[in-house]
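Pasted below: coords_2.txt, compact mmCIF, C-alpha atoms.
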```txt
# COMPACT_ATOMS: atom_id res chain seq x y z
CA MET A 379 122.77 64.67 134.87
CA ILE A 380 119.59 66.61 135.45
CA SER A 381 117.81 67.84 132.35
CA GLU A 382 117.93 71.62 132.58
CA ALA A 383 115.59 72.78 129.80
CA PRO A 384 113.51 74.77 129.75
CA MET A 385 115.13 77.13 132.22
CA THR A 386 111.88 79.00 132.63
CA VAL A 387 112.36 79.96 136.25
CA ALA A 388 115.22 82.29 135.41
CA CYS A 389 112.66 85.10 135.26
CA ILE A 390 112.58 84.92 139.04
CA VAL A 391 116.29 85.73 139.21
CA VAL A 392 115.68 88.95 137.30
CA LEU A 393 112.62 89.69 139.41
CA THR A 394 114.66 89.90 142.59
CA LEU A 395 116.67 92.81 141.26
CA SER A 396 113.51 94.92 141.43
CA LEU A 397 112.44 93.87 144.93
CA ALA A 398 114.72 96.10 146.95
CA GLY A 399 112.60 99.23 146.65
CA PRO A 400 109.82 100.35 148.97
CA SER A 401 107.11 99.16 146.56
CA VAL A 402 107.34 95.65 147.97
CA GLN A 403 107.36 96.55 151.63
CA SER A 404 104.20 95.72 153.54
CA PRO A 405 101.76 98.65 153.67
CA ALA A 406 101.04 100.47 156.92
CA GLN A 407 98.20 98.25 158.11
CA SER A 408 97.75 95.18 160.28
CA PRO A 409 100.72 92.88 159.71
CA SER A 410 100.83 89.89 157.43
CA LEU A 411 100.19 86.44 158.83
CA LEU A 412 103.57 85.41 157.48
CA SER A 413 107.05 86.34 158.64
CA ARG A 414 110.41 84.58 158.80
CA ARG A 415 112.17 84.48 162.15
CA TYR A 416 115.79 83.38 161.96
CA GLU A 417 118.07 81.82 164.57
CA ASP A 418 121.79 82.09 163.96
CA GLY A 419 123.30 78.69 163.20
CA ALA A 420 119.96 76.94 162.60
CA ARG A 421 120.10 74.18 160.00
CA LEU A 422 117.51 72.79 157.59
CA ALA A 423 117.58 69.94 155.08
CA TYR A 424 115.21 69.31 152.18
CA ARG A 425 114.71 66.59 149.60
CA MET A 426 113.88 67.89 146.12
CA ASN A 427 112.37 65.61 143.48
CA GLY A 428 111.93 66.64 139.87
CA GLU A 429 110.41 65.30 136.67
CA ASN A 430 111.16 66.84 133.28
CA ASP A 431 109.37 65.18 130.34
CA GLY A 432 110.00 61.70 131.72
CA SER A 433 113.47 62.25 133.16
CA THR A 434 113.60 62.25 136.96
CA TYR A 435 115.99 63.34 139.66
CA ALA A 436 116.27 63.59 143.42
CA ILE A 437 118.74 65.77 145.29
CA ARG A 438 119.34 66.86 148.87
CA LEU A 439 119.58 70.52 149.92
CA HIS A 440 120.98 71.61 153.26
CA SER A 441 121.24 75.10 154.69
CA VAL A 442 122.66 76.97 157.64
CA VAL A 443 121.57 80.40 158.93
CA LYS A 444 124.28 83.05 159.05
CA LYS A 445 124.50 86.81 159.55
CA GLY A 446 125.02 88.48 156.18
CA THR A 447 127.43 91.32 155.47
CA ASP A 448 124.50 93.79 155.52
CA GLY A 449 123.34 92.59 158.95
CA ARG A 450 120.41 90.55 157.62
CA PHE A 451 120.18 86.86 158.39
CA VAL A 452 120.66 84.63 155.34
CA GLU A 453 120.39 80.92 154.60
CA GLU A 454 123.38 79.39 152.87
CA TYR A 455 122.42 76.37 150.74
CA ALA A 456 124.47 73.47 149.41
CA TRP A 457 123.46 70.49 147.25
CA SER A 458 124.41 66.79 147.52
CA ASP A 459 123.29 63.17 146.98
CA LEU A 460 122.08 63.49 143.39
CA VAL A 461 120.11 60.60 141.88
CA SER A 462 119.28 61.03 138.17
CA ASP A 463 116.91 58.60 136.43
CA GLY A 464 117.39 56.15 139.29
CA GLN A 465 121.19 56.26 139.20
CA ARG A 466 123.35 57.89 141.85
CA ARG A 467 125.53 60.55 140.19
CA PRO A 468 128.55 62.37 141.63
CA LEU A 469 128.28 66.12 141.44
CA PRO A 470 130.99 68.03 139.56
CA ALA A 471 133.44 69.61 141.99
CA THR A 472 132.26 73.14 141.18
CA ALA A 473 128.63 72.19 141.84
CA GLU A 474 129.53 70.39 145.05
CA SER A 475 131.35 73.46 146.37
CA PHE A 476 128.70 75.94 145.13
CA ARG A 477 126.76 77.82 147.81
CA ALA A 478 123.59 79.87 147.26
CA THR A 479 122.65 82.57 149.77
CA VAL A 480 118.96 83.39 150.14
CA THR A 481 116.88 85.28 152.68
CA LEU A 482 113.30 86.13 153.58
CA ALA A 483 114.35 88.95 155.90
CA GLU A 484 112.97 92.43 155.32
CA GLY A 485 114.99 94.86 153.24
CA GLY A 486 116.81 94.31 149.99
CA ALA A 487 116.11 91.32 147.77
CA PRO A 488 115.86 87.60 148.61
CA PHE A 489 119.11 86.76 146.81
CA VAL A 490 121.71 87.94 144.34
CA PRO A 491 121.47 86.12 140.97
CA PRO A 492 124.01 83.27 141.07
CA ASP A 493 126.84 82.56 138.67
CA LEU A 494 125.28 79.58 136.89
CA SER A 495 128.63 78.59 135.41
CA LYS A 496 129.42 77.34 138.93
CA THR A 497 126.39 74.99 138.97
CA PRO A 498 126.98 72.36 136.27
CA GLY A 499 124.36 69.63 136.52
CA ILE A 500 122.23 71.43 139.12
CA VAL A 501 121.10 74.62 137.36
CA GLY A 502 117.46 73.46 137.56
CA PRO A 503 117.44 72.69 141.31
CA VAL A 504 119.25 75.96 142.08
CA LEU A 505 116.79 78.11 140.14
CA ASP A 506 113.77 76.14 141.39
CA LEU A 507 114.84 76.82 144.99
CA MET A 508 115.12 80.51 144.14
CA THR A 509 111.67 80.47 142.55
CA PHE A 510 110.21 79.20 145.81
CA TYR A 511 112.08 81.82 147.84
CA ALA A 512 111.13 84.67 145.50
CA ASP A 513 107.46 83.64 145.70
CA LEU A 514 107.52 83.49 149.49
CA PHE A 515 109.47 86.75 149.71
CA LEU A 516 106.73 88.47 147.70
CA ALA A 517 104.00 86.88 149.82
CA ILE A 518 105.64 88.19 153.00
CA HIS A 519 106.68 91.68 151.83
CA ALA A 520 104.51 92.77 148.89
CA GLY A 521 101.30 93.12 150.92
CA ALA A 522 99.49 91.90 154.03
CA LEU A 523 98.06 88.39 153.69
CA ARG A 524 96.00 87.67 156.81
CA GLU A 525 92.89 85.64 155.97
CA VAL A 526 92.11 82.77 153.63
CA GLY A 527 91.28 84.24 150.23
CA ASP A 528 93.53 87.30 150.57
CA ARG A 529 95.25 87.87 147.25
CA LEU A 530 98.17 89.81 145.77
CA LEU A 531 98.71 90.59 142.10
CA PHE A 532 102.27 91.51 141.11
CA PRO A 533 102.95 92.38 137.44
CA ALA A 534 106.01 91.08 135.64
CA PRO A 535 108.81 93.50 136.59
CA ALA A 536 111.27 92.34 133.96
CA VAL A 537 112.05 89.78 131.29
CA GLY A 538 114.05 86.80 132.50
CA SER A 539 116.85 85.24 130.48
CA TRP A 540 118.58 81.87 130.68
CA ALA A 541 120.65 82.30 127.48
CA ASP A 542 124.28 81.32 127.87
CA GLY A 543 125.41 82.78 124.52
CA THR A 544 126.92 79.47 123.43
CA ARG A 545 124.26 76.79 123.21
CA VAL A 546 121.16 78.75 124.22
CA LEU A 547 121.34 81.89 122.06
CA VAL A 548 117.94 83.27 123.09
CA GLY A 549 116.02 82.21 126.18
CA GLU A 550 113.46 84.59 127.65
CA ASP A 551 110.18 84.55 129.53
CA ALA A 552 107.91 86.94 131.41
CA VAL A 553 105.19 86.16 133.95
CA ASP A 554 102.84 88.01 136.30
CA PHE A 555 102.40 86.77 139.88
CA ASP A 556 98.98 85.95 141.33
CA ILE A 557 99.46 85.05 145.02
CA THR A 558 96.60 83.76 147.20
CA LEU A 559 96.52 82.65 150.83
CA THR A 560 94.57 79.44 150.25
CA GLY A 561 94.68 77.80 153.68
CA ILE A 562 95.30 78.31 157.39
CA ASP A 563 95.47 75.33 159.76
CA ARG A 564 95.93 76.86 163.19
CA PRO A 565 95.95 73.56 165.14
CA ALA A 566 98.76 72.34 162.89
CA GLY A 567 100.36 75.81 162.83
CA THR A 568 100.60 76.01 159.04
CA ALA A 569 99.52 78.25 156.16
CA THR A 570 99.24 77.39 152.47
CA LEU A 571 100.00 79.74 149.57
CA THR A 572 99.18 79.25 145.90
CA VAL A 573 101.22 81.31 143.46
CA LYS A 574 100.13 81.32 139.82
CA HIS A 575 102.71 82.56 137.32
CA ILE A 576 100.69 83.69 134.32
CA PRO A 577 101.35 85.38 130.97
CA PRO A 578 101.19 89.19 131.15
CA LYS A 579 98.88 91.09 128.82
CA GLU A 580 101.97 92.31 126.99
CA ALA A 581 105.04 90.10 127.31
CA LYS A 582 108.09 92.14 126.37
CA ILE A 583 110.25 89.20 125.39
CA ARG A 584 112.59 89.44 122.42
CA LEU A 585 111.16 87.62 119.38
CA PRO A 586 113.94 87.38 116.77
CA ALA A 587 111.65 86.37 113.86
CA ASP A 588 108.25 87.65 112.71
CA TRP A 589 106.73 84.16 112.63
CA MET A 590 107.14 84.02 116.42
CA ARG A 591 104.64 86.85 117.01
CA ALA A 592 101.42 84.93 116.31
CA PRO A 593 100.03 83.61 119.64
CA VAL A 594 100.43 79.85 120.02
CA THR A 595 97.52 79.78 122.49
CA GLY A 596 94.89 82.31 123.51
CA THR A 597 97.40 84.65 125.19
CA PRO A 598 100.44 86.54 123.89
CA ASN A 599 103.55 84.38 123.65
CA ASN A 600 105.58 84.82 126.84
CA TRP A 601 108.33 82.22 126.31
CA VAL A 602 110.99 81.97 123.57
CA GLN A 603 114.12 79.91 123.07
CA VAL A 604 116.69 79.51 120.29
CA VAL A 605 119.22 76.70 120.73
CA ARG A 606 122.26 76.05 118.53
CA SER A 607 122.26 72.43 117.29
CA GLY A 608 125.38 71.74 115.25
CA GLU A 609 125.11 73.91 112.14
CA ALA A 610 121.35 74.41 112.67
CA TYR A 611 119.13 76.26 115.12
CA VAL A 612 116.10 74.98 117.02
CA ALA A 613 113.71 77.90 117.55
CA SER A 614 110.70 77.63 119.86
CA VAL A 615 108.03 80.05 121.06
CA GLY A 616 104.84 79.73 123.07
CA GLN A 617 103.03 80.10 126.37
CA GLU A 618 104.49 79.29 129.74
CA THR A 619 102.69 79.09 133.06
CA PHE A 620 103.66 77.58 136.37
CA ASP A 621 101.76 77.07 139.59
CA VAL A 622 103.53 76.92 142.93
CA VAL A 623 102.07 75.70 146.23
CA LEU A 624 103.93 76.51 149.45
CA GLN A 625 103.19 75.20 152.95
CA ILE A 626 104.64 77.48 155.64
CA ARG A 627 105.13 76.95 159.39
CA LEU A 628 103.49 79.89 161.15
CA ALA A 629 105.73 79.82 164.22
CA ASP A 630 108.88 80.84 162.34
CA GLY A 631 108.02 81.11 158.63
CA VAL A 632 110.00 78.02 157.63
CA MET A 633 108.97 76.49 154.31
CA LEU A 634 107.70 72.99 155.08
CA SER A 635 107.06 71.97 151.49
CA ALA A 636 106.93 73.45 148.01
CA SER A 637 105.71 72.13 144.68
CA MET A 638 105.68 73.47 141.13
CA ALA A 639 103.87 72.42 137.95
CA ASN A 640 105.44 74.08 134.88
CA PRO A 641 104.03 73.44 131.38
CA VAL A 642 105.15 75.18 128.19
CA ILE A 643 102.88 74.95 125.13
CA LYS A 644 104.94 75.83 122.08
CA ILE A 645 105.73 75.48 118.42
CA GLU A 646 109.22 74.54 117.28
CA ARG A 647 111.03 74.97 113.97
CA GLN A 648 114.39 73.70 112.75
CA CYS A 649 116.20 76.58 111.03
CA ARG A 650 119.28 76.71 108.84
CA ASP A 651 120.20 80.35 109.49
CA ALA A 652 120.74 82.42 112.61
CA GLU A 653 118.10 84.93 111.46
CA LEU A 654 115.48 82.11 111.59
CA HIS A 655 114.23 82.81 108.06
CA GLN A 656 115.06 79.44 106.46
CA CYS A 657 113.06 77.09 108.63
CA ASP A 658 111.18 73.83 108.37
CA GLU A 659 107.45 73.66 109.07
CA ALA A 660 106.42 74.39 112.64
CA ARG A 661 105.80 71.41 114.91
CA PRO A 662 103.52 71.73 117.95
CA GLY A 663 105.06 70.68 121.23
CA ARG A 664 104.64 70.69 124.98
CA THR A 665 107.13 70.33 127.79
CA PHE A 666 106.23 69.73 131.40
CA ARG A 667 108.22 69.96 134.61
CA ARG A 668 107.04 69.00 138.09
CA ILE A 669 109.14 69.84 141.17
CA GLU A 670 108.55 68.93 144.81
CA MET A 671 110.64 69.94 147.82
CA VAL A 672 109.94 68.66 151.35
CA LEU A 673 111.61 69.52 154.68
CA GLU A 674 113.34 66.52 156.20
CA PRO A 675 112.66 65.66 159.86
```
Kindly return the structure encoded in the file as structure tokens.
Amino acid sequence: MISEAPMTVACIVVLTLSLAGPSVQSPAQSPSLLSRRYEDGARLAYRMNGENDGSTYAIRLHSVVKKGTDGRFVEEYAWSDLVSDGQRRPLPATAESFRATVTLAEGGAPFVPPDLSKTPGIVGPVLDLMTFYADLFLAIHAGALREVGDRLLFPAPAVGSWADGTRVLVGEDAVDFDITLTGIDRPAGTATLTVKHIPPKEAKIRLPADWMRAPVTGTPNNWVQVVRSGEAYVASVGQETFDVVLQIRLADGVMLSASMANPVIKIERQCRDAELHQCDEARPGRTFRRIEMVLEP
């Protein structure tokens, strides 16, 4: 199955809970270049490819546009055709029947955080899709992007968590959003966005041990994880960033492609107690994820 650690993009799930207020609506000025225009019943299909520290996967996403219960159009996504490390893998029944509802329509948030217990084997692809939608939702609604070089800065609204309380006991991150309109190709009818997810000046993540407070790099630590491993605990802390590039079709706001580069620079200690006091020496480490999603013809 797909490697699902680190689940760094879970911050985006928490972010969406704060997007329903007027603070993210476009200001009263000339409109943004970007908007999503939906057609009931329209269908899209994407191929997502991922690499996580040497492990690879490919999976197909397909969506249909429907009218939501609140009157907004939504896109309902399903996942299929998983290939993990070159081998075709059947999805668990709960993952195969799972549906994620997302939207770029004005009002409310782009999605409701999903029940990840229903997504065994595809947690990463589900949250990566939501990262892309949250980024584009912000680009459309948090301010007017009209010309190349226009930029939006959106501070971290909340701390994200991917802890499941069983294996992952602590899993938190916090990032600010730096969104720039980096390209417009009017003959091709496309626009390109670059979204940098960067450590905030003060990351309010929960650090369960004092040794986790010293910055691993030149910025405050904004990523922490404690994983139960048998009778021991693997505790990690460090800096996370991720850069997203989105190519958007201007005619209707459809996402043509999306990519993400997601490194975590960290230290890791093996601990014998849940309080993380009795630990081995810290080992430096780095994880790296790269995700690409492309619209199929």
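For the residues A:Thr447, A:Thr570, A:Gln465, A:Gln617, ranking by smallest atom-to-atom distance to Tyr435 (chain A) using only C-alpha atoms places A:Gln465 first.
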Quiz item: What is the CA of Asn640 (chain A) to CA of Lys574 (chain A) distance in Å?
Solution: 10.2 Å
Exercise. Between CA of Pro470 (chain A) and CA of Leu494 (chain A), measure the distance and give it in Å to one decimal.
Key: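 Separating CA of Pro470 (chain A) from CA of Leu494 (chain A) is a distance of 13.2 Å.
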Quiz item: Between CA of Pro409 (chain A) and CA of Leu634 (chain A), what is the distance, to one decimal in Å?
Solution: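 CA of Pro409 (chain A) sits 21.6 Å away from CA of Leu634 (chain A).
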Quiz item: With distances taken over only C-alpha atoms, which of A:Pro488, A:Pro468, A:Pro586, A:Pro675 is nearest to Glu454 (chain A)?
Solution: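 The answer is A:Pro488, which sits nearest to Glu454 (chain A).
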Self-check item: Nearby residues, (105.7, 79.4, 160.8) file frame, 9 Å, all atoms listed in the file, as a PyMOL selection string
Solution: chain A and resi 412-415+567-569+626-634
Quiz item: Which is closer to Ser441 (chain A) than all the others in A:Glu453, A:Asp418, A:Glu474, A:Glu525, using all atoms listed in the file?
Solution: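 Among the listed residues, the smallest separation from Ser441 (chain A) belongs to A:Glu453.
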Exercise. Might you pull out every residue within 12 Å of Thr479 (chain A), with only C-alpha atoms counted and same-chain residues fewer than 2 positions away left off, and present them as a PyMOL selection string?
Key: chain A and resi 440-447+450-456+476-477+481-482+487-493+504+507-508+511
Self-check item: Selection: 10 Å around region 589-600 of chain A, all atoms listed in the file, excl. self and same-chain fewer than 6 positions, as a ChimeraX atom specification
Solution: /A:537,550-553,576-583,613-619,642-646,654-655,660,662
Quiz item: Quick one: of A:Ser637, A:Thr497, A:Gln656, A:Ser410, who's nearest to Leu559 (chain A), counting only C-alpha atoms?
Solution: A:Ser410
Quiz item: Which one is closest to Thr572 (chain A): A:Asp513, A:Asp554, A:Asp506, A:Glu609? Count only C-alpha atoms.
Solution: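 Selected residue with least distance to Thr572 (chain A): A:Asp513.
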Exercise. Point out the residue among A:Pro533, A:Pro503, A:Gly543, A:Gly549 with the least atom-to-atom distance to Leu460 (chain A), counting all atoms listed in the file.
Key: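 For Leu460 (chain A), the nearest of the candidates is A:Pro503.
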Quiz item: Which polymer residues have any atom within 12 Å of an atom of Leu523 (chain A), counting all atoms listed in the file, with same-chain residues fewer than 6 positions away left out, as a ChimeraX atom specification?
Solution: /A:404-405,407-413,514,516-517,529-531,557-562,569-571
